[in-house]
>>> print(open('final-v1.pdb').read())   # PDB, C-alpha atoms, pLDDT in the B column
ATOM      1  CA  MET A   1     113.070 268.576 -78.620  1.00 76.00           C
ATOM      2  CA  ASN A   2     115.319 268.519 -75.591  1.00 88.00           C
ATOM      3  CA  TYR A   3     119.021 269.332 -75.049  1.00 96.00           C
ATOM      4  CA  LEU A   4     120.554 266.480 -77.052  1.00 97.00           C
ATOM      5  CA  ALA A   5     118.429 267.119 -80.130  1.00 97.00           C
ATOM      6  CA  HIS A   6     119.001 270.867 -80.037  1.00 97.00           C
ATOM      7  CA  ALA A   7     122.754 270.323 -79.810  1.00 98.00           C
ATOM      8  CA  PHE A   8     122.656 267.788 -82.645  1.00 98.00           C
ATOM      9  CA  LEU A   9     120.488 270.046 -84.824  1.00 97.00           C
ATOM     10  CA  SER A  10     123.094 272.816 -84.587  1.00 97.00           C
ATOM     11  CA  PHE A  11     125.117 270.907 -87.200  1.00 96.00           C
ATOM     12  CA  ASN A  12     128.535 271.594 -85.670  1.00 94.00           C
ATOM     13  CA  TYR A  13     128.323 275.411 -85.705  1.00 96.00           C
ATOM     14  CA  PRO A  14     129.564 276.472 -82.239  1.00 97.00           C
ATOM     15  CA  GLU A  15     127.683 279.779 -81.940  1.00 97.00           C
ATOM     16  CA  ILE A  16     124.510 278.245 -83.352  1.00 97.00           C
ATOM     17  CA  LEU A  17     124.840 275.502 -80.723  1.00 98.00           C
ATOM     18  CA  VAL A  18     125.204 278.032 -77.906  1.00 98.00           C
ATOM     19  CA  GLY A  19     122.090 279.900 -78.988  1.00 97.00           C
ATOM     20  CA  ASN A  20     120.184 276.685 -79.563  1.00 97.00           C
ATOM     21  CA  MET A  21     121.009 275.457 -76.064  1.00 98.00           C
ATOM     22  CA  ILE A  22     120.286 278.678 -74.152  1.00 97.00           C
ATOM     23  CA  SER A  23     117.148 279.776 -76.006  1.00 96.00           C
ATOM     24  CA  ASP A  24     114.679 278.809 -73.263  1.00 94.00           C
ATOM     25  CA  TYR A  25     116.652 280.962 -70.811  1.00 95.00           C
ATOM     26  CA  VAL A  26     116.602 284.103 -72.963  1.00 96.00           C
ATOM     27  CA  LYS A  27     113.419 286.119 -72.568  1.00 93.00           C
ATOM     28  CA  GLY A  28     111.965 288.842 -74.770  1.00 91.00           C
ATOM     29  CA  LYS A  29     114.325 291.420 -76.243  1.00 93.00           C
ATOM     30  CA  LYS A  30     117.288 289.989 -74.304  1.00 94.00           C
ATOM     31  CA  LYS A  31     118.027 287.851 -77.355  1.00 93.00           C
ATOM     32  CA  TYR A  32     119.242 290.981 -79.146  1.00 93.00           C
ATOM     33  CA  ASP A  33     122.053 291.293 -76.593  1.00 94.00           C
ATOM     34  CA  TYR A  34     123.805 288.341 -78.281  1.00 96.00           C
ATOM     35  CA  PRO A  35     126.090 288.252 -81.336  1.00 95.00           C
ATOM     36  CA  GLN A  36     124.460 287.494 -84.665  1.00 94.00           C
ATOM     37  CA  LEU A  37     125.180 283.752 -84.836  1.00 95.00           C
ATOM     38  CA  ILE A  38     124.141 283.093 -81.222  1.00 96.00           C
ATOM     39  CA  LEU A  39     120.946 285.032 -81.916  1.00 95.00           C
ATOM     40  CA  ALA A  40     120.473 282.865 -85.005  1.00 95.00           C
ATOM     41  CA  GLY A  41     120.809 279.771 -82.789  1.00 96.00           C
ATOM     42  CA  ILE A  42     118.214 281.158 -80.377  1.00 96.00           C
ATOM     43  CA  ASN A  43     115.825 281.702 -83.288  1.00 95.00           C
ATOM     44  CA  LEU A  44     116.591 278.270 -84.774  1.00 96.00           C
ATOM     45  CA  HIS A  45     115.723 276.656 -81.426  1.00 96.00           C
ATOM     46  CA  ARG A  46     112.339 278.386 -81.448  1.00 96.00           C
ATOM     47  CA  GLN A  47     111.659 277.363 -85.037  1.00 96.00           C
ATOM     48  CA  ILE A  48     112.517 273.747 -84.187  1.00 97.00           C
ATOM     49  CA  ASP A  49     110.226 273.838 -81.158  1.00 96.00           C
ATOM     50  CA  ALA A  50     107.333 275.286 -83.162  1.00 97.00           C
ATOM     51  CA  PHE A  51     107.825 272.657 -85.888  1.00 97.00           C
ATOM     52  CA  THR A  52     108.016 269.880 -83.293  1.00 97.00           C
ATOM     53  CA  ASP A  53     104.960 270.994 -81.333  1.00 95.00           C
ATOM     54  CA  SER A  54     102.796 271.270 -84.443  1.00 96.00           C
ATOM     55  CA  HIS A  55     103.921 267.988 -86.021  1.00 97.00           C
ATOM     56  CA  PRO A  56     101.148 265.359 -86.097  1.00 97.00           C
ATOM     57  CA  VAL A  57     103.516 262.636 -84.853  1.00 98.00           C
ATOM     58  CA  THR A  58     104.376 264.688 -81.761  1.00 97.00           C
ATOM     59  CA  LYS A  59     100.679 265.018 -81.039  1.00 97.00           C
ATOM     60  CA  GLU A  60     100.270 261.278 -81.535  1.00 97.00           C
ATOM     61  CA  ALA A  61     103.120 260.552 -79.111  1.00 98.00           C
ATOM     62  CA  ALA A  62     101.725 262.966 -76.510  1.00 97.00           C
ATOM     63  CA  VAL A  63      98.528 260.894 -76.293  1.00 97.00           C
ATOM     64  CA  PHE A  64     100.490 258.106 -74.600  1.00 97.00           C
ATOM     65  CA  PHE A  65     101.570 260.437 -71.770  1.00 97.00           C
ATOM     66  CA  LYS A  66      98.432 262.529 -71.281  1.00 96.00           C
ATOM     67  CA  PRO A  67      96.722 260.123 -68.848  1.00 95.00           C
ATOM     68  CA  ALA A  68      99.565 260.763 -66.377  1.00 94.00           C
ATOM     69  CA  VAL A  69     100.614 264.350 -67.033  1.00 95.00           C
ATOM     70  CA  GLY A  70      97.873 266.075 -69.027  1.00 93.00           C
ATOM     71  CA  THR A  71      98.993 269.245 -70.782  1.00 93.00           C
ATOM     72  CA  TYR A  72     102.635 268.610 -69.832  1.00 95.00           C
ATOM     73  CA  ALA A  73     102.745 265.611 -72.177  1.00 95.00           C
ATOM     74  CA  GLY A  74     104.723 267.545 -74.789  1.00 95.00           C
ATOM     75  CA  ALA A  75     107.607 268.160 -72.384  1.00 95.00           C
ATOM     76  CA  PHE A  76     107.919 264.413 -71.800  1.00 97.00           C
ATOM     77  CA  VAL A  77     107.753 263.745 -75.537  1.00 97.00           C
ATOM     78  CA  ASP A  78     110.758 266.065 -75.914  1.00 96.00           C
ATOM     79  CA  VAL A  79     112.758 263.910 -73.497  1.00 97.00           C
ATOM     80  CA  MET A  80     111.542 260.760 -75.238  1.00 98.00           C
ATOM     81  CA  TYR A  81     112.801 262.068 -78.578  1.00 98.00           C
ATOM     82  CA  ASP A  82     116.253 262.638 -77.051  1.00 98.00           C
ATOM     83  CA  HIS A  83     116.321 259.061 -75.769  1.00 98.00           C
ATOM     84  CA  PHE A  84     115.608 257.580 -79.169  1.00 98.00           C
ATOM     85  CA  LEU A  85     118.021 259.975 -80.873  1.00 98.00           C
ATOM     86  CA  ALA A  86     120.755 258.843 -78.463  1.00 98.00           C
ATOM     87  CA  ASN A  87     120.005 255.248 -79.478  1.00 98.00           C
ATOM     88  CA  ASP A  88     119.592 255.947 -83.204  1.00 98.00           C
ATOM     89  CA  ALA A  89     122.276 253.910 -84.968  1.00 97.00           C
ATOM     90  CA  GLN A  90     121.896 256.086 -88.079  1.00 96.00           C
ATOM     91  CA  GLN A  91     122.973 259.140 -86.075  1.00 96.00           C
ATOM     92  CA  PHE A  92     125.315 257.851 -83.351  1.00 96.00           C
ATOM     93  CA  THR A  93     127.432 254.983 -82.182  1.00 95.00           C
ATOM     94  CA  ASN A  94     128.111 254.767 -78.457  1.00 94.00           C
ATOM     95  CA  GLU A  95     131.488 256.371 -79.070  1.00 95.00           C
ATOM     96  CA  THR A  96     130.227 259.204 -81.282  1.00 97.00           C
ATOM     97  CA  LEU A  97     127.411 259.964 -78.821  1.00 97.00           C
ATOM     98  CA  GLN A  98     129.977 260.326 -76.058  1.00 97.00           C
ATOM     99  CA  GLN A  99     132.190 262.491 -78.271  1.00 97.00           C
ATOM    100  CA  HIS A 100     129.216 264.652 -79.282  1.00 98.00           C
ATOM    101  CA  ALA A 101     128.391 265.183 -75.607  1.00 98.00           C
ATOM    102  CA  LEU A 102     131.975 266.116 -74.745  1.00 98.00           C
ATOM    103  CA  ASN A 103     132.234 268.485 -77.718  1.00 98.00           C
ATOM    104  CA  THR A 104     128.987 270.184 -76.705  1.00 98.00           C
ATOM    105  CA  TYR A 105     130.174 270.679 -73.122  1.00 98.00           C
ATOM    106  CA  ALA A 106     133.497 272.075 -74.376  1.00 98.00           C
ATOM    107  CA  ILE A 107     131.771 274.612 -76.624  1.00 98.00           C
ATOM    108  CA  LEU A 108     129.362 275.702 -73.897  1.00 98.00           C
ATOM    109  CA  SER A 109     132.245 276.061 -71.445  1.00 97.00           C
ATOM    110  CA  ARG A 110     134.182 278.158 -73.953  1.00 97.00           C
ATOM    111  CA  PHE A 111     131.241 280.573 -74.157  1.00 97.00           C
ATOM    112  CA  GLU A 112     130.557 280.418 -70.405  1.00 95.00           C
ATOM    113  CA  LEU A 113     130.559 284.183 -69.834  1.00 93.00           C
ATOM    114  CA  GLN A 114     127.874 284.654 -72.481  1.00 93.00           C
ATOM    115  CA  LEU A 115     125.523 282.036 -71.008  1.00 96.00           C
ATOM    116  CA  PRO A 116     122.461 283.278 -69.080  1.00 96.00           C
ATOM    117  CA  LEU A 117     123.119 282.887 -65.358  1.00 95.00           C
ATOM    118  CA  PRO A 118     120.565 280.078 -64.731  1.00 94.00           C
ATOM    119  CA  PHE A 119     122.036 278.057 -67.604  1.00 96.00           C
ATOM    120  CA  ARG A 120     125.588 278.819 -66.474  1.00 96.00           C
ATOM    121  CA  LEU A 121     124.753 277.534 -62.975  1.00 96.00           C
ATOM    122  CA  MET A 122     123.156 274.392 -64.425  1.00 95.00           C
ATOM    123  CA  LEU A 123     126.019 273.585 -66.804  1.00 97.00           C
ATOM    124  CA  PRO A 124     128.355 271.981 -64.220  1.00 96.00           C
ATOM    125  CA  TYR A 125     125.572 269.509 -63.326  1.00 95.00           C
ATOM    126  CA  MET A 126     124.929 268.778 -66.992  1.00 96.00           C
ATOM    127  CA  ILE A 127     128.620 268.031 -67.453  1.00 97.00           C
ATOM    128  CA  SER A 128     129.296 266.098 -64.232  1.00 96.00           C
ATOM    129  CA  GLN A 129     126.194 263.924 -64.713  1.00 94.00           C
ATOM    130  CA  ASN A 130     126.769 263.719 -68.487  1.00 96.00           C
ATOM    131  CA  TRP A 131     123.140 264.423 -69.308  1.00 96.00           C
ATOM    132  CA  LEU A 132     123.573 264.332 -73.084  1.00 97.00           C
ATOM    133  CA  TYR A 133     125.190 260.909 -73.117  1.00 97.00           C
ATOM    134  CA  ASN A 134     122.914 259.450 -70.463  1.00 96.00           C
ATOM    135  CA  TYR A 135     119.755 260.100 -72.453  1.00 96.00           C
ATOM    136  CA  HIS A 136     120.486 256.726 -74.049  1.00 97.00           C
ATOM    137  CA  THR A 137     119.758 254.900 -70.772  1.00 97.00           C
ATOM    138  CA  LEU A 138     116.401 254.291 -69.122  1.00 96.00           C
ATOM    139  CA  MET A 139     117.825 255.743 -65.909  1.00 95.00           C
ATOM    140  CA  GLY A 140     118.767 258.892 -67.800  1.00 95.00           C
ATOM    141  CA  VAL A 141     115.205 259.198 -69.109  1.00 96.00           C
ATOM    142  CA  GLN A 142     113.810 258.636 -65.615  1.00 96.00           C
ATOM    143  CA  LYS A 143     116.033 261.401 -64.198  1.00 94.00           C
ATOM    144  CA  SER A 144     115.057 263.750 -67.004  1.00 94.00           C
ATOM    145  CA  PHE A 145     111.379 263.024 -66.402  1.00 96.00           C
ATOM    146  CA  GLY A 146     111.996 263.892 -62.755  1.00 94.00           C
ATOM    147  CA  GLY A 147     113.509 267.199 -63.860  1.00 91.00           C
ATOM    148  CA  VAL A 148     110.393 268.012 -65.882  1.00 92.00           C
ATOM    149  CA  VAL A 149     108.248 267.328 -62.806  1.00 94.00           C
ATOM    150  CA  ARG A 150     110.396 269.611 -60.620  1.00 90.00           C
ATOM    151  CA  ARG A 151     109.919 272.474 -63.080  1.00 87.00           C
ATOM    152  CA  ALA A 152     106.176 271.845 -63.508  1.00 86.00           C
ATOM    153  CA  THR A 153     103.530 273.719 -61.571  1.00 84.00           C
ATOM    154  CA  TYR A 154     101.188 270.929 -60.566  1.00 85.00           C
ATOM    155  CA  LEU A 155     102.955 267.596 -61.182  1.00 88.00           C
ATOM    156  CA  GLN A 156     104.000 265.593 -58.124  1.00 89.00           C
ATOM    157  CA  SER A 157     105.753 262.506 -59.495  1.00 91.00           C
ATOM    158  CA  SER A 158     107.218 261.119 -62.701  1.00 93.00           C
ATOM    159  CA  ASP A 159     106.601 257.485 -61.752  1.00 94.00           C
ATOM    160  CA  GLU A 160     103.381 257.043 -63.719  1.00 96.00           C
ATOM    161  CA  VAL A 161     104.622 258.767 -66.861  1.00 96.00           C
ATOM    162  CA  PHE A 162     107.836 256.713 -66.773  1.00 97.00           C
ATOM    163  CA  GLU A 163     105.733 253.553 -66.536  1.00 97.00           C
ATOM    164  CA  LEU A 164     103.758 254.694 -69.585  1.00 97.00           C
ATOM    165  CA  PHE A 165     107.012 255.380 -71.417  1.00 98.00           C
ATOM    166  CA  GLN A 166     108.154 251.809 -70.765  1.00 98.00           C
ATOM    167  CA  LEU A 167     104.735 250.316 -71.549  1.00 97.00           C
ATOM    168  CA  HIS A 168     104.484 252.069 -74.920  1.00 98.00           C
ATOM    169  CA  TYR A 169     108.189 251.994 -75.741  1.00 98.00           C
ATOM    170  CA  ALA A 170     107.819 250.319 -79.151  1.00 98.00           C
ATOM    171  CA  SER A 171     105.032 252.651 -80.261  1.00 98.00           C
ATOM    172  CA  LEU A 172     106.978 255.703 -79.100  1.00 98.00           C
ATOM    173  CA  GLN A 173     110.038 254.512 -81.011  1.00 98.00           C
ATOM    174  CA  LYS A 174     107.905 254.344 -84.156  1.00 98.00           C
ATOM    175  CA  CYS A 175     106.828 257.929 -83.493  1.00 98.00           C
ATOM    176  CA  TYR A 176     110.467 258.993 -83.253  1.00 98.00           C
ATOM    177  CA  ASN A 177     111.348 257.078 -86.425  1.00 98.00           C
ATOM    178  CA  SER A 178     108.587 258.901 -88.313  1.00 97.00           C
ATOM    179  CA  PHE A 179     109.335 262.301 -86.875  1.00 98.00           C
ATOM    180  CA  PHE A 180     113.091 262.728 -86.682  1.00 97.00           C
ATOM    181  CA  PRO A 181     113.932 262.748 -90.418  1.00 97.00           C
ATOM    182  CA  ASP A 182     111.370 265.550 -90.828  1.00 97.00           C
ATOM    183  CA  VAL A 183     112.774 267.762 -88.072  1.00 98.00           C
ATOM    184  CA  LYS A 184     116.360 267.131 -89.181  1.00 97.00           C
ATOM    185  CA  THR A 185     115.540 268.237 -92.726  1.00 98.00           C
ATOM    186  CA  PHE A 186     113.568 271.218 -91.444  1.00 98.00           C
ATOM    187  CA  ALA A 187     116.352 272.382 -89.109  1.00 97.00           C
ATOM    188  CA  PHE A 188     119.045 271.960 -91.769  1.00 97.00           C
ATOM    189  CA  ASN A 189     117.036 273.962 -94.294  1.00 97.00           C
ATOM    190  CA  GLN A 190     116.301 276.703 -91.760  1.00 95.00           C
ATOM    191  CA  LEU A 191     119.965 276.917 -90.858  1.00 94.00           C
ATOM    192  CA  GLN A 192     120.919 277.320 -94.535  1.00 93.00           C
ATOM    193  CA  ILE A 193     118.459 280.207 -94.807  1.00 92.00           C
ATOM    194  CA  ILE A 194     119.915 281.780 -91.657  1.00 87.00           C
ATOM    195  CA  LEU A 195     123.510 281.439 -92.845  1.00 86.00           C
ATOM    196  CA  ASN A 196     122.766 282.830 -96.294  1.00 85.00           C
ATOM    197  CA  THR A 197     120.854 285.944 -95.232  1.00 74.00           C
TER
END
>>> encode(input="final-v1.pdb", output="structure tokens")
Amino acid sequence: MNYLAHAFLSFNYPEILVGNMISDYVKGKKKYDYPQLILAGINLHRQIDAFTDSHPVTKEAAVFFKPAVGTYAGAFVDVMYDHFLANDAQQFTNETLQQHALNTYAILSRFELQLPLPFRLMLPYMISQNWLYNYHTLMGVQKSFGGVVRRATYLQSSDEVFELFQLHYASLQKCYNSFFPDVKTFAFNQLQIILNT
């Protein structure tokens, strides 16, 4: 899952959201530097990622991207899931997607001093370019794919994988439709365990 899904799967708990969003930027024992609920969000993020990566539908979706990006296919599936979540009428309208994005930025800004420096430096770009809202557009997906390529070790271009995304759009949407109810239930149940321990 990518940024939009991790924000959404924080279920409106601000500290959980902060941890969920920064988890990839917190290495090793550094996670224990954070307050309990932010640490819980960091752990929830990792549980969601493990569930997502091992889910058979994620593996099915990755097959569509592997011809272009090989072992990086999973990273592009994460972006794809955010696109279909942003367009999921059962989860968002256009207005509630925009409000969710603005609420997320406001929470992250409120906790700015607790954000890891690389995330803190990235946040103004996330806000000014409205990444969370723009996942619903094809241009937003294309830009996000480009971001994956920039962070990858051996990928040169996102053009081919974006073409595959468009070519297999209907099949990938079916993958999302099969997968998302499972991860939403999983994340909600894990959060209840976290909050009650």
>>> atom_distance(input="final-v1.pdb", atom1="CA of Leu102 in chain A", atom2="CA of Tyr135 in chain A")
13.8 Å
>>> residues_around(input="final-v1.pdb", residues="Ala86 in chain A", least_positions_apart="5", cutoff="10 Å", atoms="all atoms listed in the file", output="number ranges by chain")
A: 4-5, 80-81, 91-94, 96-98, 132-137
>>> resolve_selection(input="final-v1.pdb", expression="the PyMOL selection byres ((chain A and resi 142-151) around 9)", output="number ranges by chain")
A: 72, 75-76, 79, 131, 135, 137-141, 152-159, 161-162
>>> write_last_selection(input="final-v1.pdb", atoms="C-alpha atoms", output="PDB file, in the frame of the given file")
ATOM      1  CA  TYR A  72     102.635 268.610 -69.832  1.00 95.00           C
ATOM      2  CA  ALA A  75     107.607 268.160 -72.384  1.00 95.00           C
ATOM      3  CA  PHE A  76     107.919 264.413 -71.800  1.00 97.00           C
ATOM      4  CA  VAL A  79     112.758 263.910 -73.497  1.00 97.00           C
ATOM      5  CA  TRP A 131     123.140 264.423 -69.308  1.00 96.00           C
ATOM      6  CA  TYR A 135     119.755 260.100 -72.453  1.00 96.00           C
ATOM      7  CA  THR A 137     119.758 254.900 -70.772  1.00 97.00           C
ATOM      8  CA  LEU A 138     116.401 254.291 -69.122  1.00 96.00           C
ATOM      9  CA  MET A 139     117.825 255.743 -65.909  1.00 95.00           C
ATOM     10  CA  GLY A 140     118.767 258.892 -67.800  1.00 95.00           C
ATOM     11  CA  VAL A 141     115.205 259.198 -69.109  1.00 96.00           C
ATOM     12  CA  ALA A 152     106.176 271.845 -63.508  1.00 86.00           C
ATOM     13  CA  THR A 153     103.530 273.719 -61.571  1.00 84.00           C
ATOM     14  CA  TYR A 154     101.188 270.929 -60.566  1.00 85.00           C
ATOM     15  CA  LEU A 155     102.955 267.596 -61.182  1.00 88.00           C
ATOM     16  CA  GLN A 156     104.000 265.593 -58.124  1.00 89.00           C
ATOM     17  CA  SER A 157     105.753 262.506 -59.495  1.00 91.00           C
ATOM     18  CA  SER A 158     107.218 261.119 -62.701  1.00 93.00           C
ATOM     19  CA  ASP A 159     106.601 257.485 -61.752  1.00 94.00           C
ATOM     20  CA  VAL A 161     104.622 258.767 -66.861  1.00 96.00           C
ATOM     21  CA  PHE A 162     107.836 256.713 -66.773  1.00 97.00           C
TER      22      PHE A 162
END
>>> closest_residue(input="final-v1.pdb", among="A:Ala40, A:Leu108, A:Leu9, A:Leu123", to="Ile193 in chain A", atoms="only C-alpha atoms")
A:Ala40
>>> closest_residue(input="final-v1.pdb", among="A:Val26, A:Val18, A:Leu167, A:Ile194", to="Tyr105 in chain A", atoms="all atoms listed in the file")
A:Val18
>>> atom_distance(input="final-v1.pdb", atom1="CA of Phe84 in chain A", atom2="CA of Gln192 in chain A")
25.6 Å
>>> atom_distance(input="final-v1.pdb", atom1="CA of Ala187 in chain A", atom2="CA of Ile48 in chain A")
6.4 Å
>>> residues_around(input="final-v1.pdb", residues="range 112-119 of chain A", least_positions_apart="6", cutoff="9 Å", atoms="all atoms listed in the file", output="list in words")
Val18, Gly19, Met21, Ile22, Tyr25, Val26 and Tyr34 of chain A
>>> build_atoms(input="final-v1.pdb", residues="range 180-193 of chain A", atoms="N, CA, C and O atoms", output="compact mmCIF listing (two decimals), keeping the file's coordinate frame")
# COMPACT_ATOMS: atom_id res chain seq x y z
N PHE A 180 111.77 262.12 -86.71
CA PHE A 180 113.09 262.73 -86.68
C PHE A 180 113.63 263.11 -88.06
O PHE A 180 114.23 264.19 -88.20
N PRO A 181 113.45 262.29 -89.10
CA PRO A 181 113.93 262.75 -90.42
C PRO A 181 113.31 264.08 -90.85
O PRO A 181 113.97 264.90 -91.48
N ASP A 182 112.04 264.30 -90.47
CA ASP A 182 111.37 265.55 -90.83
C ASP A 182 112.00 266.74 -90.12
O ASP A 182 112.27 267.77 -90.74
N VAL A 183 112.22 266.62 -88.81
CA VAL A 183 112.77 267.76 -88.07
C VAL A 183 114.23 268.01 -88.45
O VAL A 183 114.69 269.15 -88.50
N LYS A 184 114.96 266.95 -88.77
CA LYS A 184 116.36 267.13 -89.18
C LYS A 184 116.43 267.90 -90.50
O LYS A 184 117.23 268.84 -90.65
N THR A 185 115.59 267.53 -91.44
CA THR A 185 115.54 268.24 -92.73
C THR A 185 115.10 269.68 -92.53
O THR A 185 115.69 270.62 -93.09
N PHE A 186 114.06 269.87 -91.71
CA PHE A 186 113.57 271.22 -91.44
C PHE A 186 114.66 272.09 -90.83
O PHE A 186 114.91 273.22 -91.28
N ALA A 187 115.33 271.60 -89.80
CA ALA A 187 116.35 272.38 -89.11
C ALA A 187 117.52 272.70 -90.04
O ALA A 187 118.04 273.83 -90.03
N PHE A 188 117.94 271.73 -90.84
CA PHE A 188 119.04 271.96 -91.77
C PHE A 188 118.68 273.04 -92.78
O PHE A 188 119.48 273.95 -93.05
N ASN A 189 117.47 272.97 -93.32
CA ASN A 189 117.04 273.96 -94.29
C ASN A 189 116.92 275.35 -93.67
O ASN A 189 117.31 276.35 -94.28
N GLN A 190 116.39 275.41 -92.43
CA GLN A 190 116.30 276.70 -91.76
C GLN A 190 117.67 277.29 -91.48
O GLN A 190 117.88 278.50 -91.61
N LEU A 191 118.61 276.43 -91.13
CA LEU A 191 119.96 276.92 -90.86
C LEU A 191 120.61 277.47 -92.14
O LEU A 191 121.30 278.50 -92.09
N GLN A 192 120.37 276.81 -93.28
CA GLN A 192 120.92 277.32 -94.54
C GLN A 192 120.36 278.70 -94.86
O GLN A 192 121.08 279.59 -95.33
N ILE A 193 119.08 278.89 -94.59
CA ILE A 193 118.46 280.21 -94.81
C ILE A 193 119.11 281.24 -93.90
O ILE A 193 119.46 282.35 -94.33
